[in-house]
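Trainee: Below is coords13.pdb; it holds PDB, C-alpha atoms and all ligand atoms.
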MODEL        1
ATOM      1  CA  MET A  10       5.813  18.709 -72.683
ATOM      2  CA  LYS A  11       6.184  21.239 -75.487
ATOM      3  CA  LYS A  12       3.211  21.450 -77.864
ATOM      4  CA  VAL A  13       4.634  21.063 -81.362
ATOM      5  CA  ILE A  14       3.497  20.988 -84.976
ATOM      6  CA  LEU A  15       6.026  19.211 -87.233
ATOM      7  CA  ASP A  16       6.076  20.347 -90.871
ATOM      8  CA  CYS A  17       8.112  17.898 -92.917
ATOM      9  CA  ASP A  18       8.868  16.183 -96.245
ATOM     10  CA  PRO A  19       9.643  12.524 -95.316
ATOM     11  CA  GLY A  20      12.378  11.797 -96.314
ATOM     12  CA  HIS A  21      14.582   9.363 -94.404
ATOM     13  CA  ASP A  22      15.816  11.898 -91.890
ATOM     14  CA  ASP A  23      12.346  13.439 -91.489
ATOM     15  CA  ALA A  24      11.153   9.988 -90.370
ATOM     16  CA  PHE A  25      13.698  10.115 -87.532
ATOM     17  CA  ALA A  26      12.393  13.576 -86.582
ATOM     18  CA  ILE A  27       8.855  12.171 -86.443
ATOM     19  CA  MET A  28       9.990   9.279 -84.211
ATOM     20  CA  LEU A  29      11.797  11.609 -81.797
ATOM     21  CA  ALA A  30       9.022  14.226 -81.704
ATOM     22  CA  ALA A  31       6.211  11.694 -81.225
ATOM     23  CA  GLN A  32       7.962  10.172 -78.212
ATOM     24  CA  HIS A  33       9.207  13.289 -76.417
ATOM     25  CA  LEU A  34       6.909  16.147 -77.422
ATOM     26  CA  ASP A  35       3.170  16.813 -77.449
ATOM     27  CA  LEU A  36       2.981  16.376 -81.224
ATOM     28  CA  LEU A  37      -0.320  18.084 -82.097
ATOM     29  CA  GLY A  38      -0.072  17.178 -85.756
ATOM     30  CA  VAL A  39       2.199  16.561 -88.715
ATOM     31  CA  THR A  40       1.876  18.745 -91.810
ATOM     32  CA  THR A  41       3.556  17.771 -95.059
ATOM     33  CA  ILE A  42       5.204  19.754 -97.843
ATOM     34  CA  GLY A  43       6.491  18.823-101.297
ATOM     35  CA  GLY A  44      10.263  18.673-101.106
ATOM     36  CA  ASN A  45      12.248  15.448-101.009
ATOM     37  CA  CYS A  46       9.410  14.008-103.045
ATOM     38  CA  SER A  47       5.862  14.837-104.197
ATOM     39  CA  LEU A  48       3.275  15.943-101.639
ATOM     40  CA  LYS A  49       1.427  12.667-102.169
ATOM     41  CA  ASN A  50       4.504  10.564-101.416
ATOM     42  CA  VAL A  51       5.788  12.572 -98.442
ATOM     43  CA  THR A  52       2.280  12.391 -96.946
ATOM     44  CA  THR A  53       2.173   8.618 -97.448
ATOM     45  CA  ASN A  54       5.624   8.360 -95.848
ATOM     46  CA  ALA A  55       4.500  10.362 -92.822
ATOM     47  CA  LEU A  56       1.490   8.048 -92.392
ATOM     48  CA  LYS A  57       3.727   4.980 -92.752
ATOM     49  CA  THR A  58       6.195   6.259 -90.144
ATOM     50  CA  LEU A  59       3.440   6.954 -87.604
ATOM     51  CA  GLU A  60       2.050   3.450 -88.204
ATOM     52  CA  VAL A  61       5.484   1.873 -87.610
ATOM     53  CA  ILE A  62       5.682   3.537 -84.181
ATOM     54  CA  GLY A  63       2.033   2.923 -83.338
ATOM     55  CA  ARG A  64       1.095   6.595 -83.233
ATOM     56  CA  THR A  65      -1.775   6.781 -85.690
ATOM     57  CA  ASP A  66      -3.469   9.055 -83.114
ATOM     58  CA  ILE A  67      -1.275  11.851 -84.504
ATOM     59  CA  PRO A  68      -3.076  13.431 -87.490
ATOM     60  CA  VAL A  69      -1.340  14.159 -90.812
ATOM     61  CA  TYR A  70      -2.406  17.224 -92.819
ATOM     62  CA  PRO A  71      -1.128  17.614 -96.395
ATOM     63  CA  GLY A  72       0.095  21.154 -97.073
ATOM     64  CA  ASN A  73       1.389  22.782-100.250
ATOM     65  CA  PRO A  74       2.576  20.631-103.177
ATOM     66  CA  GLY A  75       5.460  22.976-103.939
ATOM     67  CA  PRO A  76       7.139  26.357-103.440
ATOM     68  CA  LEU A  77       5.481  29.794-103.330
ATOM     69  CA  VAL A  78       7.141  30.915-106.552
ATOM     70  CA  ALA A  79       9.879  28.519-107.725
ATOM     71  CA  LYS A  80       9.339  25.190-109.473
ATOM     72  CA  LEU A  81       9.554  22.167-107.140
ATOM     73  CA  VAL A  82      12.949  20.475-106.991
ATOM     74  CA  THR A  83      12.993  17.002-105.442
ATOM     75  CA  ALA A  84      15.804  14.714-104.240
ATOM     76  CA  PRO A  85      15.172  11.185-105.580
ATOM     77  CA  GLN A  86      18.909  10.536-105.781
ATOM     78  CA  PHE A  87      18.998  10.649-101.963
ATOM     79  CA  HIS A  88      15.529   9.432-100.957
ATOM     80  CA  GLY A  89      14.451   7.297-103.936
ATOM     81  CA  GLU A  90      11.341   7.613-106.117
ATOM     82  CA  SER A  91       8.995   6.987-103.172
ATOM     83  CA  GLY A  92      10.779   9.563-101.037
ATOM     84  CA  MET A  93      11.554   6.874 -98.449
ATOM     85  CA  ASP A  94      13.012   3.942-100.424
ATOM     86  CA  GLY A  95      14.664   1.141 -98.450
ATOM     87  CA  PRO A  96      12.215   0.078 -95.728
ATOM     88  CA  VAL A  97       9.583  -2.359 -97.039
ATOM     89  CA  LEU A  98       6.281  -1.219 -95.526
ATOM     90  CA  PRO A  99       2.617  -1.906 -96.391
ATOM     91  CA  ASP A 100       0.477   0.901 -97.806
ATOM     92  CA  PRO A 101      -0.780   2.951 -94.868
ATOM     93  CA  VAL A 102      -4.173   2.048 -93.429
ATOM     94  CA  THR A 103      -4.652   5.541 -91.982
ATOM     95  CA  LYS A 104      -5.708   8.414 -94.225
ATOM     96  CA  PRO A 105      -4.506  12.023 -94.276
ATOM     97  CA  GLN A 106      -6.843  14.702 -92.914
ATOM     98  CA  LYS A 107      -9.033  16.632 -95.326
ATOM     99  CA  LYS A 108      -8.064  20.002 -93.829
ATOM    100  CA  HIS A 109      -5.133  21.776 -95.541
ATOM    101  CA  GLY A 110      -1.933  21.703 -93.509
ATOM    102  CA  VAL A 111      -1.596  25.480 -93.539
ATOM    103  CA  ASP A 112      -5.146  25.898 -92.197
ATOM    104  CA  PHE A 113      -4.266  23.409 -89.449
ATOM    105  CA  ILE A 114      -1.176  25.425 -88.511
ATOM    106  CA  VAL A 115      -3.085  28.742 -88.457
ATOM    107  CA  GLU A 116      -6.144  27.415 -86.595
ATOM    108  CA  THR A 117      -4.049  25.544 -84.024
ATOM    109  CA  VAL A 118      -1.713  28.470 -83.316
ATOM    110  CA  MET A 119      -4.613  30.929 -83.059
ATOM    111  CA  SER A 120      -6.489  28.686 -80.606
ATOM    112  CA  THR A 121      -3.639  27.163 -78.590
ATOM    113  CA  ASP A 122      -1.078  28.969 -76.422
ATOM    114  CA  HIS A 123       2.633  28.171 -76.496
ATOM    115  CA  VAL A 124       2.884  26.214 -79.722
ATOM    116  CA  THR A 125       6.354  25.502 -81.109
ATOM    117  CA  LEU A 126       6.769  24.958 -84.845
ATOM    118  CA  LEU A 127       9.376  22.474 -86.085
ATOM    119  CA  ALA A 128      10.033  22.524 -89.839
ATOM    120  CA  THR A 129      12.280  19.962 -91.518
ATOM    121  CA  GLY A 130      11.461  20.607 -95.171
ATOM    122  CA  PRO A 131      11.098  23.651 -97.405
ATOM    123  CA  LEU A 132       9.455  26.521 -95.505
ATOM    124  CA  THR A 133       6.510  27.005 -97.874
ATOM    125  CA  ASN A 134       3.783  26.006 -95.388
ATOM    126  CA  ILE A 135       5.239  28.193 -92.642
ATOM    127  CA  ALA A 136       5.453  31.218 -94.940
ATOM    128  CA  ASP A 137       1.959  30.532 -96.287
ATOM    129  CA  ALA A 138       0.606  30.395 -92.725
ATOM    130  CA  ILE A 139       2.169  33.796 -91.967
ATOM    131  CA  ILE A 140       0.629  35.219 -95.165
ATOM    132  CA  ARG A 141      -2.813  33.795 -94.292
ATOM    133  CA  GLU A 142      -2.682  34.997 -90.652
ATOM    134  CA  PRO A 143       0.206  37.371 -89.723
ATOM    135  CA  LYS A 144      -0.897  37.255 -86.073
ATOM    136  CA  ILE A 145       0.643  33.783 -85.693
ATOM    137  CA  VAL A 146       4.076  35.444 -85.544
ATOM    138  CA  ASP A 147       3.286  36.875 -82.102
ATOM    139  CA  ARG A 148       1.594  33.706 -80.858
ATOM    140  CA  VAL A 149       4.166  31.050 -81.811
ATOM    141  CA  ASP A 150       6.747  30.512 -79.065
ATOM    142  CA  ASP A 151       9.576  29.374 -81.344
ATOM    143  CA  LEU A 152      10.272  28.083 -84.837
ATOM    144  CA  TYR A 153      12.989  25.458 -85.101
ATOM    145  CA  ILE A 154      14.101  24.575 -88.612
ATOM    146  CA  MET A 155      16.436  22.159 -90.266
ATOM    147  CA  GLY A 156      17.683  24.282 -93.110
ATOM    148  CA  GLY A 157      20.269  26.748 -94.290
ATOM    149  CA  SER A 158      23.855  26.960 -93.153
ATOM    150  CA  VAL A 159      26.259  29.292 -91.387
ATOM    151  CA  THR A 160      28.938  28.101 -93.793
ATOM    152  CA  TYR A 161      28.692  25.941 -96.934
ATOM    153  CA  GLY A 162      25.640  24.530 -98.693
ATOM    154  CA  ASN A 163      24.861  21.014 -99.830
ATOM    155  CA  TRP A 164      22.548  21.443-102.841
ATOM    156  CA  THR A 165      24.780  24.176-104.229
ATOM    157  CA  PRO A 166      28.094  25.451-102.876
ATOM    158  CA  THR A 167      26.172  28.118-100.948
ATOM    159  CA  ALA A 168      22.599  26.836-100.491
ATOM    160  CA  GLU A 169      21.125  24.020 -98.390
ATOM    161  CA  PHE A 170      18.296  22.013-100.020
ATOM    162  CA  ASN A 171      15.309  23.100 -97.887
ATOM    163  CA  ILE A 172      16.091  26.764 -98.380
ATOM    164  CA  PHE A 173      17.093  26.291-102.026
ATOM    165  CA  VAL A 174      13.729  24.678-102.866
ATOM    166  CA  ASP A 175      11.768  27.714-101.671
ATOM    167  CA  PRO A 176      13.984  30.753-101.033
ATOM    168  CA  GLU A 177      11.046  33.192-101.175
ATOM    169  CA  ALA A 178       9.332  31.288 -98.354
ATOM    170  CA  ALA A 179      12.531  31.186 -96.315
ATOM    171  CA  TYR A 180      13.071  34.932 -96.832
ATOM    172  CA  LYS A 181       9.525  35.581 -95.587
ATOM    173  CA  VAL A 182      10.056  33.390 -92.513
ATOM    174  CA  PHE A 183      13.430  34.825 -91.473
ATOM    175  CA  ASN A 184      12.113  38.384 -91.896
ATOM    176  CA  SER A 185       8.720  37.749 -90.227
ATOM    177  CA  GLY A 186       9.644  38.405 -86.610
ATOM    178  CA  LEU A 187       9.355  34.711 -85.655
ATOM    179  CA  ARG A 188      12.037  33.497 -83.191
ATOM    180  CA  VAL A 189      13.930  31.261 -85.597
ATOM    181  CA  HIS A 190      16.370  28.583 -84.414
ATOM    182  CA  MET A 191      18.319  27.480 -87.468
ATOM    183  CA  CYS A 192      19.834  23.999 -87.494
ATOM    184  CA  GLY A 193      21.875  24.176 -90.653
ATOM    185  CA  ILE A 194      24.146  21.890 -92.613
ATOM    186  CA  ASN A 195      27.129  23.272 -90.673
ATOM    187  CA  LEU A 196      25.595  21.583 -87.615
ATOM    188  CA  THR A 197      24.137  18.435 -89.156
ATOM    189  CA  ARG A 198      27.468  17.530 -90.733
ATOM    190  CA  GLN A 199      28.508  16.794 -87.133
ATOM    191  CA  CYS A 200      25.869  14.021 -87.062
ATOM    192  CA  PHE A 201      27.387  11.272 -89.226
ATOM    193  CA  LEU A 202      25.963   7.746 -88.980
ATOM    194  CA  HIS A 203      27.838   4.669 -90.160
ATOM    195  CA  GLN A 204      27.443   0.894 -90.205
ATOM    196  CA  GLU A 205      28.217   0.699 -86.459
ATOM    197  CA  HIS A 206      25.094   2.737 -85.709
ATOM    198  CA  ILE A 207      22.988   0.510 -87.978
ATOM    199  CA  ASP A 208      24.350  -2.498 -86.095
ATOM    200  CA  GLU A 209      23.279  -0.919 -82.797
ATOM    201  CA  PHE A 210      19.783  -0.268 -84.176
ATOM    202  CA  ARG A 211      19.605  -3.977 -85.108
ATOM    203  CA  ARG A 212      20.804  -4.936 -81.604
ATOM    204  CA  ILE A 213      18.016  -2.830 -80.049
ATOM    205  CA  GLY A 214      15.710  -4.875 -82.229
ATOM    206  CA  THR A 215      12.382  -3.095 -81.738
ATOM    207  CA  LYS A 216      10.182  -2.473 -84.794
ATOM    208  CA  ALA A 217      11.137   1.201 -84.671
ATOM    209  CA  ALA A 218      14.839   0.354 -84.347
ATOM    210  CA  ASN A 219      14.738  -2.011 -87.319
ATOM    211  CA  PHE A 220      12.887   0.685 -89.280
ATOM    212  CA  ALA A 221      15.669   3.094 -88.297
ATOM    213  CA  ALA A 222      18.255   0.563 -89.494
ATOM    214  CA  ASP A 223      16.480   0.113 -92.848
ATOM    215  CA  LEU A 224      16.222   3.890 -93.300
ATOM    216  CA  THR A 225      19.887   4.445 -92.436
ATOM    217  CA  GLU A 226      21.120   1.586 -94.635
ATOM    218  CA  TYR A 227      19.461   3.168 -97.687
ATOM    219  CA  PHE A 228      20.366   6.757 -96.816
ATOM    220  CA  LEU A 229      23.991   5.754 -96.142
ATOM    221  CA  LYS A 230      24.244   4.195 -99.609
ATOM    222  CA  THR A 231      22.737   7.160-101.472
ATOM    223  CA  THR A 232      24.671   9.748 -99.492
ATOM    224  CA  GLU A 233      27.990   7.999-100.122
ATOM    225  CA  GLU A 234      27.124   7.615-103.825
ATOM    226  CA  ASN A 235      25.811  11.132-104.452
ATOM    227  CA  ALA A 236      27.496  13.354-101.908
ATOM    228  CA  CYS A 237      30.734  11.357-101.616
ATOM    229  CA  LEU A 238      30.475  11.613 -97.834
ATOM    230  CA  PRO A 239      31.768   9.022 -95.328
ATOM    231  CA  GLY A 240      28.351   8.303 -93.846
ATOM    232  CA  CYS A 241      24.884   9.877 -93.729
ATOM    233  CA  ASN A 242      23.616  12.839 -91.754
ATOM    234  CA  LEU A 243      20.342  12.698 -89.816
ATOM    235  CA  HIS A 244      19.755  16.379 -90.582
ATOM    236  CA  ASP A 245      16.121  16.650 -89.450
ATOM    237  CA  ALA A 246      16.617  14.532 -86.343
ATOM    238  CA  CYS A 247      19.130  17.138 -85.114
ATOM    239  CA  ALA A 248      16.481  19.862 -85.275
ATOM    240  CA  ALA A 249      13.974  17.668 -83.433
ATOM    241  CA  ALA A 250      16.578  16.790 -80.780
ATOM    242  CA  TRP A 251      17.230  20.511 -80.285
ATOM    243  CA  VAL A 252      13.571  21.052 -79.366
ATOM    244  CA  ILE A 253      13.609  18.016 -77.041
ATOM    245  CA  CYS A 254      17.011  18.566 -75.366
ATOM    246  CA  PRO A 255      18.203  22.152 -75.948
ATOM    247  CA  ASP A 256      21.531  21.409 -74.224
ATOM    248  CA  LEU A 257      22.540  19.050 -77.056
ATOM    249  CA  ILE A 258      23.234  22.025 -79.304
ATOM    250  CA  GLN A 259      25.230  25.213 -78.748
ATOM    251  CA  ALA A 260      23.978  28.141 -80.767
ATOM    252  CA  ALA A 261      24.691  31.824 -81.233
ATOM    253  CA  PRO A 262      22.447  34.799 -82.050
ATOM    254  CA  MET A 263      22.962  36.448 -85.420
ATOM    255  CA  HIS A 264      21.093  38.208 -88.211
ATOM    256  CA  ILE A 265      20.078  35.796 -90.971
ATOM    257  CA  THR A 266      18.389  36.543 -94.267
ATOM    258  CA  VAL A 267      18.099  34.717 -97.598
ATOM    259  CA  GLU A 268      19.639  35.564-100.947
ATOM    260  CA  LEU A 269      17.016  35.546-103.721
ATOM    261  CA  LYS A 270      18.792  37.011-106.715
ATOM    262  CA  GLY A 271      22.374  35.766-106.776
ATOM    263  CA  GLU A 272      23.323  33.795-109.886
ATOM    264  CA  PHE A 273      25.486  31.512-107.731
ATOM    265  CA  THR A 274      24.025  32.228-104.294
ATOM    266  CA  ARG A 275      20.231  31.979-104.646
ATOM    267  CA  GLY A 276      18.922  30.181-101.541
ATOM    268  CA  MET A 277      21.960  31.012 -99.404
ATOM    269  CA  THR A 278      21.253  31.873 -95.758
ATOM    270  CA  VAL A 279      23.337  34.999 -95.292
ATOM    271  CA  CYS A 280      24.466  34.879 -91.657
ATOM    272  CA  ASP A 281      26.030  37.944 -90.040
ATOM    273  CA  TYR A 282      28.269  36.675 -87.267
ATOM    274  CA  ARG A 283      30.901  39.377 -87.491
ATOM    275  CA  HIS A 284      30.209  40.220 -83.824
ATOM    276  CA  LEU A 285      31.153  36.649 -82.883
ATOM    277  CA  ARG A 286      34.512  36.632 -84.629
ATOM    278  CA  GLY A 287      36.110  38.881 -82.046
ATOM    279  CA  SER A 288      39.276  40.789 -82.890
ATOM    280  CA  GLU A 289      41.237  37.684 -83.867
ATOM    281  CA  PRO A 290      40.641  35.803 -87.147
ATOM    282  CA  ALA A 291      39.200  33.069 -84.936
ATOM    283  CA  VAL A 292      36.732  30.569 -86.312
ATOM    284  CA  ASP A 293      35.688  29.247 -82.910
ATOM    285  CA  LEU A 294      32.534  31.343 -82.838
ATOM    286  CA  LEU A 295      31.367  30.060 -79.471
ATOM    287  CA  ARG A 296      34.542  30.827 -77.571
ATOM    288  CA  THR A 297      35.726  34.042 -79.126
ATOM    289  CA  PRO A 298      34.735  37.059 -77.019
ATOM    290  CA  ALA A 299      31.702  38.445 -78.772
ATOM    291  CA  MET A 300      31.515  42.071 -79.719
ATOM    292  CA  GLU A 301      28.453  44.225 -80.229
ATOM    293  CA  PRO A 302      26.493  43.204 -83.344
ATOM    294  CA  ARG A 303      27.804  45.331 -86.203
ATOM    295  CA  GLY A 304      25.145  44.664 -88.771
ATOM    296  CA  GLU A 305      21.416  44.371 -88.262
ATOM    297  CA  GLU A 306      20.171  43.157 -84.877
ATOM    298  CA  PRO A 307      20.123  39.330 -84.557
ATOM    299  CA  ASN A 308      16.760  37.922 -85.703
ATOM    300  CA  ALA A 309      17.631  34.290 -85.137
ATOM    301  CA  GLU A 310      20.064  31.916 -83.535
ATOM    302  CA  ALA A 311      22.158  29.451 -85.506
ATOM    303  CA  ALA A 312      23.278  26.054 -84.245
ATOM    304  CA  LEU A 313      27.051  25.725 -84.191
ATOM    305  CA  GLU A 314      28.010  22.661 -82.128
ATOM    306  CA  LEU A 315      26.318  19.280 -81.565
ATOM    307  CA  ASP A 316      26.865  16.885 -78.666
ATOM    308  CA  PHE A 317      26.841  13.872 -81.003
ATOM    309  CA  GLU A 318      27.232  11.270 -78.256
ATOM    310  CA  GLY A 319      24.328  12.815 -76.357
ATOM    311  CA  PHE A 320      22.275  12.875 -79.553
ATOM    312  CA  MET A 321      22.896   9.172 -80.181
ATOM    313  CA  GLN A 322      21.971   8.285 -76.579
ATOM    314  CA  LEU A 323      18.674  10.142 -77.049
ATOM    315  CA  LEU A 324      18.044   8.338 -80.338
ATOM    316  CA  TYR A 325      18.931   4.858 -79.031
ATOM    317  CA  GLY A 326      16.831   5.447 -75.911
ATOM    318  CA  THR A 327      13.870   6.570 -77.998
ATOM    319  CA  LEU A 328      14.022   3.533 -80.285
ATOM    320  CA  LYS A 329      14.160   1.255 -77.225
ATOM    321  CA  GLU A 330      11.067   2.941 -75.764
ATOM    322  CA  TYR A 331       8.961   2.127 -78.818
ATOM    323  CA  LYS A 332       7.595  -1.356 -78.202
TER     324      LYS A 332
HETATM  325  O1  LIG B   1      19.500  19.464 -96.699
HETATM  326  C1  LIG B   1      18.933  18.485 -95.874
HETATM  327  C2  LIG B   1      17.447  18.598 -95.859
HETATM  328  O2  LIG B   1      16.944  18.349 -97.161
HETATM  329  C3  LIG B   1      16.756  17.563 -94.958
HETATM  330  O3  LIG B   1      15.583  18.125 -94.432
HETATM  331  C4  LIG B   1      16.418  16.437 -95.891
HETATM  332  O4  LIG B   1      15.255  15.699 -95.475
HETATM  333  C5  LIG B   1      16.101  17.189 -97.149
HETATM  334  O5  LIG B   1      14.755  17.612 -97.070
HETATM  335 CA    CA B   2      13.430  17.021 -94.688
ENDMDL
END
Can the structure in the file be given as structure tokens, please?

Mentor:
Amino acid sequence: MKKVILDCDPGHDDAFAIMLAAQHLDLLGVTTIGGNCSLKNVTTNALKTLEVIGRTDIPVYPGNPGPLVAKLVTAPQFHGESGMDGPVLPDPVTKPQKKHGVDFIVETVMSTDHVTLLATGPLTNIADAIIREPKIVDRVDDLYIMGGSVTYGNWTPTAEFNIFVDPEAAYKVFNSGLRVHMCGINLTRQCFLHQEHIDEFRRIGTKAANFAADLTEYFLKTTEENACLPGCNLHDACAAAWVICPDLIQAAPMHITVELKGEFTRGMTVCDYRHLRGSEPAVDLLRTPAMEPRGEEPNAEAALELDFEGFMQLLYGTLKEYK
């Protein structure tokens, strides 16, 4: 089982990532980051989620309250004032750890071989860990993120929320030398959930499945209202599923960096996939004969295609396994 640290900002879809990671990975700890909501609330939501699935053995370490440089932007219109509105849950009995989340990341990576990092919120804690101990770059096996996009944004026409919240952190991470696997909005828009999926969660009927139904019911409503989309995307769960079952996602290597200065493009993940477009104006990046990279050498891989049916089978199976 892969040893993983999950850095997140629960967040409805982060809660799904926690449920998948706790069941299928050796989840060494959860670190939290201000993003969807305040650090206090996202930390409470992480504790609540672990209590729902009976995994209070997994420690939660609060990280940074906000970005390295920018002012924190939150998303109450999607996640509510609590950061996880919808499910009615008691205040958590478990407490967060006293150690700072970034210290936990650094100390764990420096003392444990083959750690994978999975980040489903702004990348502040990951960047801060690299700043505090640059040696982690050579020790971490992989960094999987939900964030960015090979194509369009969601928070702005060009920027995805997690990257938009802390572009300086994202720039540091993509240019650090870490092996980054980017699960962007271009991928997670292939993971649409609707009422039929909520009904299936209810049919499964476990506590975790009913929690999943409550989360999805709320997220579906706010996504349809605010993003005018025909359903809701379990963005962060896609990144977690990628770590668990790599075959669920097809990806391609490319150079990725982050725009910091653009008036209209700040927070954009600038992806160079010119070598994937072949000689034809094809958009099927996975099936067009690749050419030699023309720009800078690839420093990451970007997710392009999701096996949605396979993803849902993994999710349903996981919710059934939680008693
Ligand atoms: O853009 C989607 C991302 O922003 C997800 O991680 C969601 O939880 C929000 O943080
Ligand atoms: Ca998130």

Trainee: Compare A:Ala55, A:Leu34, A:Val61, A:Ile194 by their minimum atom-to-atom distance to ligand LIG 1 (chain B), counting only C-alpha atoms and all ligand atoms, and give me the closest one.

Mentor: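 Checking each of A:Ala55, A:Leu34, A:Val61, A:Ile194 against ligand LIG 1 (chain B), counting only C-alpha atoms and all ligand atoms, the winner is A:Ile194.
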
Trainee: Around the point (23.3, 30.1, -92.4), in the coordinates given by the file, pick out the residues reaching within 6 Å, counting all atoms listed in the file, and return them as a list of chain:residue names.

Mentor: A:Gly157, A:Ser158, A:Val159, A:Thr278, A:Val279, A:Cys280

Trainee: Within 6 Å of ligand CA 2 (chain B), which residues show up when you count only C-alpha atoms and all ligand atoms? List them as a compact mmCIF listing (two decimals) with C-alpha atoms, keeping the file's coordinate frame, please.

Mentor:
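Output (pocket-v2.txt):
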# COMPACT_ATOMS: atom_id res chain seq x y z
CA CYS A 17 8.11 17.90 -92.92
CA ASP A 18 8.87 16.18 -96.24
CA PRO A 19 9.64 12.52 -95.32
CA GLY A 20 12.38 11.80 -96.31
CA ASP A 23 12.35 13.44 -91.49
CA THR A 129 12.28 19.96 -91.52
CA GLY A 130 11.46 20.61 -95.17
CA ASP A 245 16.12 16.65 -89.45

Trainee: Quick check, in Å to one decimal: how far apart do CA of Ala249 (chain A) and CA of Ala26 (chain A) lie?

Mentor: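 Those two atoms sit 5.4 Å apart.
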
Trainee: I need the output of the PyMOL selection byres (((chain A and resi 188) around 6) and not hetatm) for this file as a PyMOL selection string; which residues are they?

Mentor: chain A and resi 151-152+187+189+309

Trainee: Generate the output file for the selected residues, C-alpha atoms, as a PDB file, in the frame of the given file.

Mentor:
ATOM      1  CA  ASP A 151       9.576  29.374 -81.344  1.00  0.00           C
ATOM      2  CA  LEU A 152      10.272  28.083 -84.837  1.00  0.00           C
ATOM      3  CA  LEU A 187       9.355  34.711 -85.655  1.00  0.00           C
ATOM      4  CA  VAL A 189      13.930  31.261 -85.597  1.00  0.00           C
ATOM      5  CA  ALA A 309      17.631  34.290 -85.137  1.00  0.00           C
TER       6      ALA A 309
END

Trainee: Show me, as AutoDock Vina command-line options, the centre and edge lengths in Å to one decimal of the axis-aligned box that covers every listed atom of ligand LIG 1 (chain B) with 8 Å on each side.

Mentor:
--center_x 17.1 --center_y 17.6 --center_z -95.8 --size_x 20.7 --size_y 19.8 --size_z 18.7

Trainee: For Val174 (chain A), which residue out of A:Leu15, A:Leu132, A:Leu36, A:Leu295 is the nearest one, using all atoms listed in the file?

Mentor: A:Leu132

Trainee: Just the residues within 9 Å of Gly63 (chain A), please, counting all atoms listed in the file, with nothing from its chain fewer than 3 positions along; format it as a VMD selection string.

Mentor: chain A and resid 58 to 60 66 331 to 332

Trainee: Quote the spacing between atom C3 of ligand LIG 1 (chain B) and CA of Leu269 (chain A) in Å to one decimal place.

Mentor: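 Going from atom C3 of ligand LIG 1 (chain B) over to CA of Leu269 (chain A), I get 20.0 Å.
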
Trainee: Give as a PyMOL selection string every residue, naming chains and numbers as the document does, that has an atom within 8 Å of (-0.4, 20.1, -75.8), counting only C-alpha atoms.

Mentor: chain A and resi 10-13+35-37+124

Trainee: Report, in Å with one decimal, the straight-line distance from CA of Lys270 (chain A) to CA of Leu294 (chain A).

Mentor: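 Going from CA of Lys270 (chain A) over to CA of Leu294 (chain A), I get 28.1 Å.
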
Trainee: When the PyMOL selection byres (((chain A and resi 319) around 10) and not hetatm) is applied to the file above, which residues end up in the set, as a ChimeraX atom specification?

Mentor: /A:250,254,256-258,315-318,320-325

Trainee: Limited to C-alpha atoms, could you put the picked residues into a file as an mmCIF file, in the coordinates of the input?

Mentor:
data_model
loop_
_atom_site.group_PDB
_atom_site.id
_atom_site.type_symbol
_atom_site.label_atom_id
_atom_site.label_comp_id
_atom_site.auth_asym_id
_atom_site.auth_seq_id
_atom_site.Cartn_x
_atom_site.Cartn_y
_atom_site.Cartn_z
ATOM 1 C CA ALA A 250 16.578 16.790 -80.780
ATOM 2 C CA CYS A 254 17.011 18.566 -75.366
ATOM 3 C CA ASP A 256 21.531 21.409 -74.224
ATOM 4 C CA LEU A 257 22.540 19.050 -77.056
ATOM 5 C CA ILE A 258 23.234 22.025 -79.304
ATOM 6 C CA LEU A 315 26.318 19.280 -81.565
ATOM 7 C CA ASP A 316 26.865 16.885 -78.666
ATOM 8 C CA PHE A 317 26.841 13.872 -81.003
ATOM 9 C CA GLU A 318 27.232 11.270 -78.256
ATOM 10 C CA PHE A 320 22.275 12.875 -79.553
ATOM 11 C CA MET A 321 22.896 9.172 -80.181
ATOM 12 C CA GLN A 322 21.971 8.285 -76.579
ATOM 13 C CA LEU A 323 18.674 10.142 -77.049
ATOM 14 C CA LEU A 324 18.044 8.338 -80.338
ATOM 15 C CA TYR A 325 18.931 4.858 -79.031
#
